[in-house]
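Novice: Pasting in a structure now, in structure tokens, and then I'll have a few things to ask.
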Amino acid sequence: MRKLKLGVLGSGRGSNFVALAAAVAEGKVAAEFVVVGSDQAEAKILEEAKQRGIPTVVCPKGKYRTKLEEEIEVGLAEQLVKAGVELLILAGYMRVVKEPLLKRFEGRMINLHPSLLPAFPGLRAWEQALDAGVQETGCTVHWVNEVVDGGSVIRQMRVPVQKGDTAELLHARIQESEHRILSEVVRDLAEGKVSWPKDPRR
Ligand code: GAR
């Protein structure tokens, strides 16, 4: 089967990228990584990519915390296009995506979020769930559009909140599910079992 060309953006540890890379290496997902990018030069996800021989790109942080300046995002988007990315995966990428990425990757960019959207969009969703006192939270993979954490849902997985949970314990439990759901969705997209708003291969 032809391999789907993946690009991943992350700002941190990259445990979801690592889980996906393992599924790809085991032949469970018909895909290959063409680039891993970050807005944080010191992010562990970049080290993980380099160890696997995957090209990396880093963009400047710029002057805002929550978004990239337009010229910076244009530069990042162009590098991803040049690398040949067909599916762009946001896996712990902590910037709000704006027009430069939205335009170039419309209908072919997915995000992983640590809650059952539409509940708890935004930052530290597991803490929001604890504060709200819900008994169940989870994780979501969704298509990315201009509404933060608002694009259409592809798949969700439920995760129980347990008595005595701390933010760290709950996030760790959510991440176990994230590691599974992301690989499953990418596998199904590669195999055409999930329909794409804009399939780059057609
Ligand atoms: C994940 O839990 C992901 O859902 C979350 O950041 C973590 C990254 O972990 N993303 C968001 O909160 C986006 N709003 P990782 O770097 O170990 O994959």
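Labeling convention for the structure tokens: chains A, B, ... as they appear, residues from 1 per chain, ligands from 1 in order of appearance.
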Which residues of chain A sit at most 9 Å from ligand 1, using only C-alpha atoms and all ligand atoms? Give each one's shortest atom pair and distance in Å (one decimal place), in chain and ascending residue order, as CSV.
Specialist:
residue,atom,partner,partner_atom_place_in_ligand_line,distance
A:Gly10,CA,ligand 1,16 (O),6.2
A:Ser11,CA,ligand 1,16 (O),6.6
A:Gly12,CA,ligand 1,16 (O),4.4
A:Arg13,CA,ligand 1,16 (O),3.9
A:Gly14,CA,ligand 1,16 (O),3.5
A:Ser15,CA,ligand 1,17 (O),3.5
A:Asn16,CA,ligand 1,18 (O),3.8
A:Phe17,CA,ligand 1,18 (O),5.9
A:Val18,CA,ligand 1,18 (O),7.8
A:Ala19,CA,ligand 1,18 (O),8.6
A:Ala43,CA,ligand 1,16 (O),8.7
A:Lys44,CA,ligand 1,16 (O),8.1
A:Ile45,CA,ligand 1,16 (O),6.9
A:Leu90,CA,ligand 1,13 (C),7.9
A:Ala91,CA,ligand 1,18 (O),5.3
A:Gly92,CA,ligand 1,8 (C),3.6
A:Tyr93,CA,ligand 1,13 (C),6.1
A:Met94,CA,ligand 1,13 (C),5.7
A:Arg95,CA,ligand 1,14 (N),8.2
A:Val96,CA,ligand 1,14 (N),8.7
A:Asn111,CA,ligand 1,13 (C),7.5
A:Leu112,CA,ligand 1,4 (O),5.0
A:His113,CA,ligand 1,4 (O),4.0
A:Pro114,CA,ligand 1,4 (O),4.1
A:Ser115,CA,ligand 1,4 (O),7.8
A:Pro121,CA,ligand 1,14 (N),7.2
A:Gly122,CA,ligand 1,14 (N),5.4
A:Leu123,CA,ligand 1,14 (N),5.4
A:Arg124,CA,ligand 1,12 (O),5.7
A:Ala125,CA,ligand 1,12 (O),6.5
A:Trp126,CA,ligand 1,12 (O),8.6
A:Cys139,CA,ligand 1,4 (O),7.1
A:Thr140,CA,ligand 1,4 (O),8.1
A:Val141,CA,ligand 1,4 (O),8.9
A:Val148,CA,ligand 1,14 (N),8.6
A:Asp149,CA,ligand 1,14 (N),7.3
A:His171,CA,ligand 1,2 (O),6.8
A:Ala172,CA,ligand 1,2 (O),8.2
A:Ile174,CA,ligand 1,2 (O),7.1
A:Gln175,CA,ligand 1,2 (O),5.6
A:Glu178,CA,ligand 1,4 (O),6.9
A:His179,CA,ligand 1,18 (O),8.1
Novice: Neighbours of Arg104 (chain A) within 9 Å (only C-alpha atoms; same-chain residues fewer than 4 positions away dropped), as a count of residues only?
Specialist: 6
Novice: Provide the CA of Gln135 (chain A) to CA of Pro160 (chain A) distance in Å, to one decimal place.
Specialist: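 Atom-to-atom, CA of Gln135 (chain A) to CA of Pro160 (chain A), that is 6.1 Å.
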Novice: Given only C-alpha atoms as the basis, pick out the residue of A:Arg65, A:Lys198, A:His142, A:Lys3 nearest to Lys103 (chain A).
Specialist: A:Lys198
Novice: Enter the distance from CA of Val58 (chain A) to CA of Arg173 (chain A), in Å, rounded to one decimal.
Specialist: 29.5 Å
Novice: Which residues, written as a ChimeraX atom specification, have at least one atom at most 8 Å from Ile54 (chain A), with only C-alpha atoms counted and residues fewer than 5 positions away on the same chain left out?
Specialist: /A:33-36,49
Novice: Ranking A:Leu6, A:Asn145, A:Ile89, A:Lys61 by minimum distance to Leu102 (chain A) and counting only C-alpha atoms, which one comes first?
Specialist: A:Asn145
Novice: Go through A:Leu80, A:Lys63, A:Glu146, A:Gly53 one by one, measure the shortest atom-to-atom distance of each to Glu106 (chain A) using only C-alpha atoms, and give the residue with the smallest value.
Specialist: A:Glu146
Novice: Which residue out of A:Val144, A:Val186, A:Glu47, A:Lys98 has the minimum interatomic distance to Thr66 (chain A) when only C-alpha atoms are used?
Specialist: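 Distance minimum relative to Thr66 (chain A) lands on A:Lys98.
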Novice: For a test of reading the model, state the distance in Å between CA of Ser195 (chain A) and CA of Gln156 (chain A), rounded to one decimal.
Specialist: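 According to the coordinates, CA of Ser195 (chain A) and CA of Gln156 (chain A) are separated by 15.9 Å.
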Novice: With a distance cut-off of 12 Å and only C-alpha atoms, select the neighbouring residues of Trp196 (chain A), excluding the residue or stretch itself and same-chain residues fewer than 3 positions from it, and output the selection as a VMD selection string.
Specialist: chain A and resid 86 to 87 105 to 110 142 to 144 152 to 154 185 to 186 188 to 193 199 to 202
Novice: Nearest residue to Phe120 (chain A) out of A:Gly75, A:Gly150, A:Val97, A:Ala83, using only C-alpha atoms?
Specialist: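 Between A:Gly75, A:Gly150, A:Val97, A:Ala83, the residue approaching Phe120 (chain A) most closely is A:Gly150.
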Novice: Taking only region 77-124 of chain A into account, list the residues labelled helix (DSSP H, G or I) by DSSP (computed from the backbone), as number ranges by chain.
Specialist: A: 77-83, 99-104
Novice: Which of these, A:Gly151, A:Gln162, A:Val29, A:Met157, has the shortest distance to Glu176 (chain A) once you count only C-alpha atoms?
Specialist: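 Going through A:Gly151, A:Gln162, A:Val29, A:Met157 one by one, the smallest distance to Glu176 (chain A) is for A:Met157.
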Novice: I need the residues in region 5-186 of chain A that are strand (DSSP E) according to DSSP; give them as a PyMOL selection string.
Specialist: chain A and resi 5-9+31-38+56-58+87-90+109-113+136-143+153-160
